[in-house]
Amino acid sequence: MTRERLAGAARAALGGGRRLETVERVTGGSKKGVYRLVMDDATTAITYLWNDAENYWPAAEGDDDLTDPFSPGLGLDLFEAAHVRLARLGVRVPAIRLVDRDGAHGPADLAIVEDVPGEKLEDLLTRDRDAAAPVLARLGEALDAMRRHRAPTYGKVAVVEGGGASRGQSCEEVVLSRALRDLAEAAARDPRVAGARHRLEERLLGLAAAVRPRTEYGVVHGELGPDHVLVDTDGTPVVIDIEGCMYFDVEWEHVFLRLRLHDAYEVLRVDGLDEDRLALYLLAQRLSLTAGPLRLLDGDFPDRAAMAGIAEHNLTEALALVRA
């Protein structure tokens with residue numbers, strides 16, 4: 001988008017008396033553009049842009065199939081549905097200042113949201129674990145509210161709350177299907193995975209067979225790492241990158257949190273999670289975090305060393321789960 005279009009959107013969102021001073025790209029986004037708008041009176045806001053030019057992921061068949069809970073969380077409709085649901089549950093999310101899906105400020109779907117003052121939970125954990133403890137406790141309260149809000153079907157929040165249905169017969173079936181695709185992709189890109197493919201496939205099938213049926217699903221973010229949680233000046237966790245929010249097995253969220261937070265996850269641990277699901281989802285996420293970064297490196301993603309490191313770490317951990 002041109003600077004003039006962003007300037008017009010900023011004026012509409014923040015007041016016509018202000019002038020856009022600078023536009024700063026915010027690091028970390030791989031599926032949408034994230035920019036900080038700085039006005040001439042030092043007022044700031046964050047802009048999200050959803051268009052092909054801002055998406056580093058290579059296009060794949062089924063990307064636009066919203067009935068797949070794991071299809072890319074792209075677009076303003078998914079963002080707004082997730083924002084409404086999380087806010088109603090009392091989960092702090094950045095306030096929306098403006099949405100544009102009609103092209104008033106350019107061809108891309110656009111949202112302007114609150115620029116939350118503070119730092120990422122990831123940085124706070126590195127800087128001061130004691131200061132992060134009450135933030136993690138409050139994040140646990142938010143997760144509890146999400147876990148307790150149930151639906152009889154699974155899928156993206158926008159799909160479920162719109163009365164739609166998702167593909168597959170169960171969460172574990174969807175996860176297994178995705179994990180087998182990730183395994184095939186990773187095996188095609190790395191000979192170590194190719195050599196262990198049969199063992200990994202057998203392990204996935206065995207874990208999936210042990211999972212018992214379930215008929216209710218909680219709300220999960222889907223990729224709730226400490227880089228997707230901001231900490232405002234009151235010490236409240238603020239959840240961002242919410243387009244992938246869905247009704248699903250909460251075990252999926254807790255596996256991801258454990259992988260990302262390591263020993264800091266203990267504050268968020270809850271009783272009553274299904275151990276069979278946890279085991280299946282752990283291997284599935286290791287394979288996803290191997291195949292996904294390798295796929296991303298097929299394109300022109302800029303932070304290549306970090307992404308390669310994520311793939312290598314999770315490849316090693318996946319192989320360790322089937323090592324004789």
# chains A, B, ... in the order shown; residues from 1 in each chain; ligands from 1

call {"tool": "residues_around", "arguments": {"residues": "region 108-114 of chain A", "least_positions_apart": "6", "cutoff": "10 Å", "atoms": "only C-alpha atoms", "output": "ChimeraX atom specification"}}
result
/A:1,6,9-10,12-14,32-37,44-54,74-77,79-80,93-102

call {"tool": "write_last_selection", "arguments": {"atoms": "N, CA, C and O atoms", "output": "compact mmCIF listing (two decimals), in the first residue's frame"}}
result
# COMPACT_ATOMS: atom_id res chain seq x y z
N MET A 1 0.84 -1.19 0.00
CA MET A 1 0.00 0.00 0.00
C MET A 1 0.88 1.24 0.00
O MET A 1 1.95 1.25 0.57
N LEU A 6 -2.12 4.72 3.57
CA LEU A 6 -1.97 4.50 4.99
C LEU A 6 -2.24 5.78 5.77
O LEU A 6 -2.81 5.75 6.86
N ALA A 9 -5.96 6.15 6.03
CA ALA A 9 -6.51 5.22 7.01
C ALA A 9 -6.19 5.66 8.42
O ALA A 9 -7.02 5.57 9.33
N ALA A 10 -4.97 6.15 8.62
CA ALA A 10 -4.57 6.61 9.96
C ALA A 10 -5.41 7.80 10.40
O ALA A 10 -5.83 7.87 11.56
N ALA A 12 -8.46 8.47 9.44
CA ALA A 12 -9.80 7.98 9.72
C ALA A 12 -9.86 7.26 11.06
O ALA A 12 -10.87 7.34 11.78
N ALA A 13 -8.79 6.56 11.42
CA ALA A 13 -8.78 5.79 12.66
C ALA A 13 -8.49 6.65 13.88
O ALA A 13 -9.07 6.43 14.96
N LEU A 14 -7.61 7.64 13.73
CA LEU A 14 -7.07 8.34 14.89
C LEU A 14 -7.46 9.81 14.96
O LEU A 14 -7.14 10.48 15.95
N LYS A 32 0.97 -11.76 7.35
CA LYS A 32 0.37 -10.45 7.08
C LYS A 32 1.40 -9.38 7.37
O LYS A 32 2.39 -9.60 8.08
N GLY A 33 1.18 -8.20 6.80
CA GLY A 33 2.05 -7.08 7.11
C GLY A 33 1.63 -6.42 8.42
O GLY A 33 0.44 -6.22 8.66
N VAL A 34 2.59 -6.11 9.25
CA VAL A 34 2.33 -5.44 10.53
C VAL A 34 3.20 -4.19 10.57
O VAL A 34 4.43 -4.28 10.49
N TYR A 35 2.54 -3.03 10.71
CA TYR A 35 3.25 -1.76 10.67
C TYR A 35 2.81 -0.88 11.83
O TYR A 35 1.63 -0.86 12.20
N ARG A 36 3.78 -0.15 12.39
CA ARG A 36 3.47 0.86 13.41
C ARG A 36 3.34 2.22 12.72
O ARG A 36 4.22 2.64 11.98
N LEU A 37 2.21 2.87 12.95
CA LEU A 37 1.97 4.21 12.42
C LEU A 37 2.27 5.21 13.52
O LEU A 37 1.75 5.11 14.63
N THR A 44 0.41 6.67 18.35
CA THR A 44 0.78 5.53 17.53
C THR A 44 -0.38 4.54 17.43
O THR A 44 -1.29 4.52 18.26
N ALA A 45 -0.32 3.71 16.42
CA ALA A 45 -1.27 2.61 16.22
C ALA A 45 -0.58 1.55 15.40
O ALA A 45 0.49 1.77 14.82
N ILE A 46 -1.18 0.37 15.37
CA ILE A 46 -0.65 -0.74 14.58
C ILE A 46 -1.61 -1.04 13.43
O ILE A 46 -2.83 -1.09 13.62
N THR A 47 -1.05 -1.23 12.24
CA THR A 47 -1.84 -1.61 11.07
C THR A 47 -1.54 -3.05 10.69
O THR A 47 -0.38 -3.46 10.64
N TYR A 48 -2.60 -3.81 10.42
CA TYR A 48 -2.48 -5.15 9.85
C TYR A 48 -2.94 -5.07 8.40
O TYR A 48 -4.01 -4.53 8.10
N LEU A 49 -2.14 -5.66 7.50
CA LEU A 49 -2.48 -5.73 6.09
C LEU A 49 -2.48 -7.18 5.64
O LEU A 49 -1.48 -7.89 5.85
N TRP A 50 -3.59 -7.62 5.06
CA TRP A 50 -3.66 -8.98 4.55
C TRP A 50 -3.70 -8.93 3.03
O TRP A 50 -4.71 -8.58 2.43
N ASN A 51 -2.58 -9.25 2.40
CA ASN A 51 -2.56 -9.43 0.96
C ASN A 51 -1.39 -10.32 0.58
O ASN A 51 -0.54 -10.63 1.40
N ASP A 52 -1.36 -10.76 -0.66
CA ASP A 52 -0.36 -11.73 -1.08
C ASP A 52 1.06 -11.20 -0.92
O ASP A 52 1.98 -11.97 -0.62
N ALA A 53 1.25 -9.90 -1.14
CA ALA A 53 2.59 -9.34 -1.06
C ALA A 53 3.16 -9.39 0.35
O ALA A 53 4.37 -9.33 0.54
N GLU A 54 2.29 -9.48 1.35
CA GLU A 54 2.73 -9.49 2.75
C GLU A 54 2.82 -10.91 3.32
O GLU A 54 3.14 -11.08 4.49
N LEU A 74 -5.91 -16.33 7.59
CA LEU A 74 -5.70 -15.10 6.84
C LEU A 74 -7.00 -14.31 6.70
O LEU A 74 -8.05 -14.90 6.46
N GLY A 75 -6.91 -13.01 6.86
CA GLY A 75 -8.02 -12.17 6.50
C GLY A 75 -8.75 -11.52 7.65
O GLY A 75 -8.71 -11.96 8.80
N LEU A 76 -9.42 -10.46 7.29
CA LEU A 76 -10.11 -9.61 8.25
C LEU A 76 -11.28 -10.32 8.91
O LEU A 76 -11.54 -10.13 10.11
N ASP A 77 -12.01 -11.15 8.18
CA ASP A 77 -13.17 -11.82 8.76
C ASP A 77 -12.76 -12.74 9.92
O ASP A 77 -13.41 -12.76 10.97
N PHE A 79 -10.04 -12.48 11.71
CA PHE A 79 -9.55 -11.61 12.77
C PHE A 79 -10.70 -11.04 13.60
O PHE A 79 -10.69 -11.08 14.83
N GLU A 80 -11.71 -10.52 12.92
CA GLU A 80 -12.82 -9.90 13.65
C GLU A 80 -13.60 -10.92 14.48
O GLU A 80 -13.97 -10.65 15.63
N VAL A 93 -7.37 -8.16 24.20
CA VAL A 93 -6.86 -8.10 22.84
C VAL A 93 -6.75 -6.62 22.47
O VAL A 93 -7.46 -5.78 23.03
N PRO A 94 -5.88 -6.26 21.54
CA PRO A 94 -5.77 -4.84 21.16
C PRO A 94 -7.09 -4.30 20.64
O PRO A 94 -7.76 -4.94 19.82
N ALA A 95 -7.46 -3.12 21.11
CA ALA A 95 -8.71 -2.51 20.67
C ALA A 95 -8.64 -2.17 19.18
O ALA A 95 -7.60 -1.72 18.68
N ILE A 96 -9.76 -2.37 18.48
CA ILE A 96 -9.83 -2.06 17.05
C ILE A 96 -10.20 -0.59 16.87
O ILE A 96 -11.18 -0.12 17.43
N ARG A 97 -9.41 0.11 16.06
CA ARG A 97 -9.69 1.52 15.74
C ARG A 97 -10.37 1.69 14.38
O ARG A 97 -11.12 2.63 14.18
N LEU A 98 -10.08 0.79 13.45
CA LEU A 98 -10.63 0.91 12.09
C LEU A 98 -10.51 -0.43 11.39
O LEU A 98 -9.52 -1.14 11.57
N VAL A 99 -11.53 -0.79 10.61
CA VAL A 99 -11.41 -1.92 9.69
C VAL A 99 -11.83 -1.44 8.30
O VAL A 99 -12.70 -0.58 8.16
N ASP A 100 -11.17 -1.98 7.27
CA ASP A 100 -11.50 -1.63 5.89
C ASP A 100 -11.44 -2.89 5.05
O ASP A 100 -10.37 -3.40 4.76
N ARG A 101 -12.61 -3.40 4.68
CA ARG A 101 -12.67 -4.56 3.79
C ARG A 101 -13.27 -4.15 2.44
O ARG A 101 -13.42 -4.99 1.55
N ASP A 102 -13.62 -2.87 2.28
CA ASP A 102 -14.29 -2.42 1.07
C ASP A 102 -13.38 -1.64 0.13
O ASP A 102 -13.85 -1.09 -0.87

call {"tool": "residues_around", "arguments": {"residues": "region 305-309 of chain A", "least_positions_apart": "2", "cutoff": "10 Å", "atoms": "only C-alpha atoms", "output": "list in words"}}
result
Leu289, Thr290, Gly292, Pro293, Leu294, Leu296, Leu297, Phe301, Pro302, Asp303, Ala311, Glu312, His313, Asn314 and Leu315 of chain A

call {"tool": "write_last_selection", "arguments": {"atoms": "C-alpha atoms", "output": "PDB file, in the first residue's frame"}}
result
ATOM      1  CA  LEU A 289       7.469 -27.191  13.299  1.00  0.00           C
ATOM      2  CA  THR A 290       9.855 -29.092  11.053  1.00  0.00           C
ATOM      3  CA  GLY A 292       6.468 -25.574   8.183  1.00  0.00           C
ATOM      4  CA  PRO A 293       9.807 -23.736   8.514  1.00  0.00           C
ATOM      5  CA  LEU A 294      11.350 -25.842   5.733  1.00  0.00           C
ATOM      6  CA  LEU A 296       8.768 -21.235   4.459  1.00  0.00           C
ATOM      7  CA  LEU A 297      12.438 -21.361   3.462  1.00  0.00           C
ATOM      8  CA  PHE A 301      11.408 -15.179   4.188  1.00  0.00           C
ATOM      9  CA  PRO A 302      14.097 -12.792   5.496  1.00  0.00           C
ATOM     10  CA  ASP A 303      15.102 -14.304   8.866  1.00  0.00           C
ATOM     11  CA  ALA A 311      13.257 -26.709  11.836  1.00  0.00           C
ATOM     12  CA  GLU A 312      16.476 -28.357  13.000  1.00  0.00           C
ATOM     13  CA  HIS A 313      15.514 -28.332  16.676  1.00  0.00           C
ATOM     14  CA  ASN A 314      12.091 -29.849  16.078  1.00  0.00           C
ATOM     15  CA  LEU A 315      13.404 -32.378  13.577  1.00  0.00           C
TER      16      LEU A 315
END

call {"tool": "atom_distance", "arguments": {"atom1": "CA of Glu202 (chain A)", "atom2": "CA of Leu257 (chain A)"}}
result
25.7 Å

call {"tool": "residues_around", "arguments": {"residues": "region 133-138 of chain A", "least_positions_apart": "5", "cutoff": "7 Å", "atoms": "only C-alpha atoms", "output": "PyMOL selection string"}}
result
chain A and resi 235-237+267

call {"tool": "closest_residue", "arguments": {"among": "A:Glu21, A:Thr233, A:Val211, A:Thr316", "to": "Ala196 (chain A)", "atoms": "only C-alpha atoms"}}
result
A:Thr316

call {"tool": "select_by_dssp", "arguments": {"residues": "region 113-230 of chain A", "states": "strand (DSSP E)", "output": "ChimeraX atom specification"}}
result
/A:113-114,119-120,155-156,218-220,229-230

call {"tool": "residues_around", "arguments": {"residues": "Ala179 (chain A)", "least_positions_apart": "4", "cutoff": "7 Å", "atoms": "only C-alpha atoms", "output": "count of residues only"}}
result
5

call {"tool": "closest_residue", "arguments": {"among": "A:Glu223, A:Asp64, A:Asp232, A:Glu185", "to": "Leu121 (chain A)", "atoms": "only C-alpha atoms"}}
result
A:Asp232

call {"tool": "residues_around", "arguments": {"residues": "Trp252 (chain A)", "least_positions_apart": "2", "cutoff": "10 Å", "atoms": "only C-alpha atoms", "output": "PDB file with N, CA, C and O atoms, in the first residue's frame"}}
result
ATOM      1  N   CYS A 171     -11.092 -33.907  16.022  1.00  0.00           N
ATOM      2  CA  CYS A 171      -9.842 -33.146  16.094  1.00  0.00           C
ATOM      3  C   CYS A 171      -8.643 -34.050  15.850  1.00  0.00           C
ATOM      4  O   CYS A 171      -7.724 -33.695  15.106  1.00  0.00           O
ATOM      5  N   GLU A 172      -8.660 -35.238  16.472  1.00  0.00           N
ATOM      6  CA  GLU A 172      -7.509 -36.128  16.332  1.00  0.00           C
ATOM      7  C   GLU A 172      -7.351 -36.621  14.892  1.00  0.00           C
ATOM      8  O   GLU A 172      -6.225 -36.795  14.401  1.00  0.00           O
ATOM      9  N   VAL A 175      -5.754 -33.699  13.028  1.00  0.00           N
ATOM     10  CA  VAL A 175      -4.349 -33.592  13.397  1.00  0.00           C
ATOM     11  C   VAL A 175      -3.527 -34.701  12.747  1.00  0.00           C
ATOM     12  O   VAL A 175      -2.432 -34.463  12.219  1.00  0.00           O
ATOM     13  N   VAL A 220      -9.194 -22.138  21.544  1.00  0.00           N
ATOM     14  CA  VAL A 220      -7.733 -22.093  21.579  1.00  0.00           C
ATOM     15  C   VAL A 220      -7.232 -21.049  20.594  1.00  0.00           C
ATOM     16  O   VAL A 220      -7.870 -20.778  19.575  1.00  0.00           O
ATOM     17  N   HIS A 221      -6.089 -20.477  20.915  1.00  0.00           N
ATOM     18  CA  HIS A 221      -5.441 -19.527  20.012  1.00  0.00           C
ATOM     19  C   HIS A 221      -4.836 -20.260  18.830  1.00  0.00           C
ATOM     20  O   HIS A 221      -4.925 -19.818  17.685  1.00  0.00           O
ATOM     21  N   GLY A 222      -4.182 -21.382  19.116  1.00  0.00           N
ATOM     22  CA  GLY A 222      -3.592 -22.199  18.064  1.00  0.00           C
ATOM     23  C   GLY A 222      -2.083 -22.130  18.012  1.00  0.00           C
ATOM     24  O   GLY A 222      -1.420 -23.130  17.755  1.00  0.00           O
ATOM     25  N   GLU A 223      -1.518 -20.928  18.252  1.00  0.00           N
ATOM     26  CA  GLU A 223      -0.063 -20.747  18.231  1.00  0.00           C
ATOM     27  C   GLU A 223       0.324 -19.766  19.336  1.00  0.00           C
ATOM     28  O   GLU A 223       0.993 -18.764  19.099  1.00  0.00           O
ATOM     29  N   PHE A 248     -11.354 -26.206  19.567  1.00  0.00           N
ATOM     30  CA  PHE A 248     -10.526 -27.391  19.318  1.00  0.00           C
ATOM     31  C   PHE A 248     -10.208 -28.055  20.654  1.00  0.00           C
ATOM     32  O   PHE A 248     -10.605 -27.562  21.714  1.00  0.00           O
ATOM     33  N   ASP A 249      -9.514 -29.172  20.601  1.00  0.00           N
ATOM     34  CA  ASP A 249      -9.011 -29.785  21.822  1.00  0.00           C
ATOM     35  C   ASP A 249      -8.031 -28.837  22.498  1.00  0.00           C
ATOM     36  O   ASP A 249      -7.050 -28.414  21.869  1.00  0.00           O
ATOM     37  N   VAL A 250      -8.265 -28.533  23.775  1.00  0.00           N
ATOM     38  CA  VAL A 250      -7.367 -27.603  24.460  1.00  0.00           C
ATOM     39  C   VAL A 250      -5.985 -28.209  24.655  1.00  0.00           C
ATOM     40  O   VAL A 250      -5.010 -27.490  24.888  1.00  0.00           O
ATOM     41  N   HIS A 254      -2.048 -26.534  24.921  1.00  0.00           N
ATOM     42  CA  HIS A 254      -1.129 -26.778  26.031  1.00  0.00           C
ATOM     43  C   HIS A 254       0.169 -27.432  25.565  1.00  0.00           C
ATOM     44  O   HIS A 254       1.233 -27.167  26.140  1.00  0.00           O
ATOM     45  N   VAL A 255       0.114 -28.262  24.547  1.00  0.00           N
ATOM     46  CA  VAL A 255       1.352 -28.790  23.985  1.00  0.00           C
ATOM     47  C   VAL A 255       2.194 -27.656  23.415  1.00  0.00           C
ATOM     48  O   VAL A 255       3.404 -27.569  23.655  1.00  0.00           O
ATOM     49  N   PHE A 256       1.565 -26.767  22.675  1.00  0.00           N
ATOM     50  CA  PHE A 256       2.291 -25.647  22.066  1.00  0.00           C
ATOM     51  C   PHE A 256       2.894 -24.751  23.143  1.00  0.00           C
ATOM     52  O   PHE A 256       4.056 -24.340  23.049  1.00  0.00           O
ATOM     53  N   LEU A 257       2.114 -24.451  24.177  1.00  0.00           N
ATOM     54  CA  LEU A 257       2.624 -23.622  25.268  1.00  0.00           C
ATOM     55  C   LEU A 257       3.822 -24.278  25.950  1.00  0.00           C
ATOM     56  O   LEU A 257       4.811 -23.613  26.278  1.00  0.00           O
ATOM     57  N   ARG A 277      -4.150 -37.615  23.904  1.00  0.00           N
ATOM     58  CA  ARG A 277      -4.124 -36.482  22.985  1.00  0.00           C
ATOM     59  C   ARG A 277      -2.812 -35.709  23.101  1.00  0.00           C
ATOM     60  O   ARG A 277      -2.233 -35.280  22.098  1.00  0.00           O
ATOM     61  N   LEU A 278      -2.339 -35.512  24.310  1.00  0.00           N
ATOM     62  CA  LEU A 278      -1.080 -34.791  24.501  1.00  0.00           C
ATOM     63  C   LEU A 278       0.059 -35.487  23.766  1.00  0.00           C
ATOM     64  O   LEU A 278       0.899 -34.829  23.127  1.00  0.00           O
ATOM     65  N   LEU A 280      -0.128 -37.581  21.104  1.00  0.00           N
ATOM     66  CA  LEU A 280      -0.306 -37.437  19.657  1.00  0.00           C
ATOM     67  C   LEU A 280       0.040 -36.030  19.207  1.00  0.00           C
ATOM     68  O   LEU A 280       0.755 -35.840  18.204  1.00  0.00           O
ATOM     69  N   TYR A 281      -0.450 -35.047  19.927  1.00  0.00           N
ATOM     70  CA  TYR A 281      -0.259 -33.667  19.499  1.00  0.00           C
ATOM     71  C   TYR A 281       1.183 -33.215  19.651  1.00  0.00           C
ATOM     72  O   TYR A 281       1.650 -32.339  18.906  1.00  0.00           O
ATOM     73  N   LEU A 282       1.921 -33.806  20.586  1.00  0.00           N
ATOM     74  CA  LEU A 282       3.331 -33.460  20.710  1.00  0.00           C
ATOM     75  C   LEU A 282       4.104 -33.874  19.463  1.00  0.00           C
ATOM     76  O   LEU A 282       4.839 -33.062  18.878  1.00  0.00           O
ATOM     77  N   ALA A 284       2.841 -34.515  16.517  1.00  0.00           N
ATOM     78  CA  ALA A 284       2.297 -33.766  15.378  1.00  0.00           C
ATOM     79  C   ALA A 284       2.885 -32.362  15.314  1.00  0.00           C
ATOM     80  O   ALA A 284       3.229 -31.863  14.233  1.00  0.00           O
ATOM     81  N   GLN A 285       3.017 -31.715  16.467  1.00  0.00           N
ATOM     82  CA  GLN A 285       3.563 -30.354  16.455  1.00  0.00           C
ATOM     83  C   GLN A 285       5.048 -30.348  16.149  1.00  0.00           C
ATOM     84  O   GLN A 285       5.556 -29.432  15.491  1.00  0.00           O
TER      85      GLN A 285
END

call {"tool": "closest_residue", "arguments": {"among": "A:Thr2, A:Ser170, A:Ser177, A:Thr27", "to": "Pro152 (chain A)", "atoms": "only C-alpha atoms"}}
result
A:Ser170

call {"tool": "atom_distance", "arguments": {"atom1": "CA of Gly106 (chain A)", "atom2": "CA of Gly244 (chain A)"}}
result
24.1 Å

call {"tool": "atom_distance", "arguments": {"atom1": "CA of Asp274 (chain A)", "atom2": "CA of Asp68 (chain A)"}}
result
22.8 Å

call {"tool": "closest_residue", "arguments": {"among": "A:Leu224, A:Val159, A:Leu230, A:Ala320", "to": "Leu125 (chain A)", "atoms": "only C-alpha atoms"}}
result
A:Leu230

call {"tool": "decode", "arguments": {"residues": "region 132-156 of chain A", "atoms": "N, CA and C atoms", "output": "mmCIF file, in the first residue's frame"}}
result
data_model
loop_
_atom_site.group_PDB
_atom_site.id
_atom_site.type_symbol
_atom_site.label_atom_id
_atom_site.label_comp_id
_atom_site.auth_asym_id
_atom_site.auth_seq_id
_atom_site.Cartn_x
_atom_site.Cartn_y
_atom_site.Cartn_z
ATOM 1 N N ALA A 132 7.676 -11.682 35.388
ATOM 2 C CA ALA A 132 6.784 -12.371 34.450
ATOM 3 C C ALA A 132 5.786 -13.271 35.161
ATOM 4 N N ALA A 133 6.068 -13.673 36.398
ATOM 5 C CA ALA A 133 5.214 -14.641 37.092
ATOM 6 C C ALA A 133 3.762 -14.188 37.207
ATOM 7 N N PRO A 134 3.469 -12.945 37.669
ATOM 8 C CA PRO A 134 2.057 -12.550 37.743
ATOM 9 C C PRO A 134 1.399 -12.414 36.373
ATOM 10 N N VAL A 135 2.183 -12.098 35.345
ATOM 11 C CA VAL A 135 1.627 -12.022 33.992
ATOM 12 C C VAL A 135 1.212 -13.413 33.529
ATOM 13 N N LEU A 136 2.055 -14.399 33.805
ATOM 14 C CA LEU A 136 1.717 -15.777 33.448
ATOM 15 C C LEU A 136 0.476 -16.249 34.202
ATOM 16 N N ALA A 137 0.362 -15.838 35.468
ATOM 17 C CA ALA A 137 -0.828 -16.220 36.234
ATOM 18 C C ALA A 137 -2.089 -15.635 35.605
ATOM 19 N N ARG A 138 -2.022 -14.398 35.148
ATOM 20 C CA ARG A 138 -3.176 -13.773 34.504
ATOM 21 C C ARG A 138 -3.448 -14.395 33.134
ATOM 22 N N LEU A 139 -2.392 -14.803 32.451
ATOM 23 C CA LEU A 139 -2.584 -15.523 31.194
ATOM 24 C C LEU A 139 -3.295 -16.843 31.460
ATOM 25 N N GLY A 140 -2.945 -17.490 32.570
ATOM 26 C CA GLY A 140 -3.622 -18.723 32.945
ATOM 27 C C GLY A 140 -5.112 -18.511 33.164
ATOM 28 N N GLU A 141 -5.503 -17.378 33.740
ATOM 29 C CA GLU A 141 -6.920 -17.066 33.929
ATOM 30 C C GLU A 141 -7.622 -16.908 32.581
ATOM 31 N N ALA A 142 -6.931 -16.250 31.632
ATOM 32 C CA ALA A 142 -7.511 -16.099 30.295
ATOM 33 C C ALA A 142 -7.676 -17.451 29.614
ATOM 34 N N LEU A 143 -6.662 -18.296 29.737
ATOM 35 C CA LEU A 143 -6.745 -19.627 29.142
ATOM 36 C C LEU A 143 -7.858 -20.456 29.774
ATOM 37 N N ASP A 144 -8.067 -20.269 31.069
ATOM 38 C CA ASP A 144 -9.138 -20.997 31.743
ATOM 39 C C ASP A 144 -10.504 -20.579 31.196
ATOM 40 N N ALA A 145 -10.679 -19.269 30.983
ATOM 41 C CA ALA A 145 -11.943 -18.791 30.407
ATOM 42 C C ALA A 145 -12.147 -19.352 29.006
ATOM 43 N N MET A 146 -11.085 -19.440 28.228
ATOM 44 C CA MET A 146 -11.172 -20.002 26.885
ATOM 45 C C MET A 146 -11.471 -21.499 26.931
ATOM 46 N N ARG A 147 -10.848 -22.196 27.850
ATOM 47 C CA ARG A 147 -11.036 -23.647 27.960
ATOM 48 C C ARG A 147 -12.459 -23.995 28.385
ATOM 49 N N ARG A 148 -13.040 -23.181 29.254
ATOM 50 C CA ARG A 148 -14.365 -23.487 29.788
ATOM 51 C C ARG A 148 -15.503 -23.101 28.840
ATOM 52 N N HIS A 149 -15.213 -22.258 27.844
ATOM 53 C CA HIS A 149 -16.244 -21.893 26.868
ATOM 54 C C HIS A 149 -16.283 -22.980 25.792
ATOM 55 N N ARG A 150 -17.363 -23.727 25.707
ATOM 56 C CA ARG A 150 -17.420 -24.923 24.873
ATOM 57 C C ARG A 150 -18.365 -24.771 23.693
ATOM 58 N N ALA A 151 -18.065 -25.567 22.677
ATOM 59 C CA ALA A 151 -18.951 -25.700 21.519
ATOM 60 C C ALA A 151 -19.038 -27.178 21.170
ATOM 61 N N PRO A 152 -20.154 -27.607 20.565
ATOM 62 C CA PRO A 152 -20.309 -29.032 20.212
ATOM 63 C C PRO A 152 -19.595 -29.422 18.925
ATOM 64 N N THR A 153 -19.009 -28.457 18.225
ATOM 65 C CA THR A 153 -18.261 -28.741 17.008
ATOM 66 C C THR A 153 -16.927 -28.013 17.068
ATOM 67 N N TYR A 154 -15.981 -28.465 16.252
ATOM 68 C CA TYR A 154 -14.651 -27.853 16.227
ATOM 69 C C TYR A 154 -14.466 -27.092 14.921
ATOM 70 N N GLY A 155 -13.490 -26.206 14.904
ATOM 71 C CA GLY A 155 -13.179 -25.451 13.701
ATOM 72 C C GLY A 155 -12.895 -24.007 14.022
ATOM 73 N N LYS A 156 -12.579 -23.253 13.001
ATOM 74 C CA LYS A 156 -12.282 -21.837 13.180
ATOM 75 C C LYS A 156 -13.475 -21.130 13.828
#
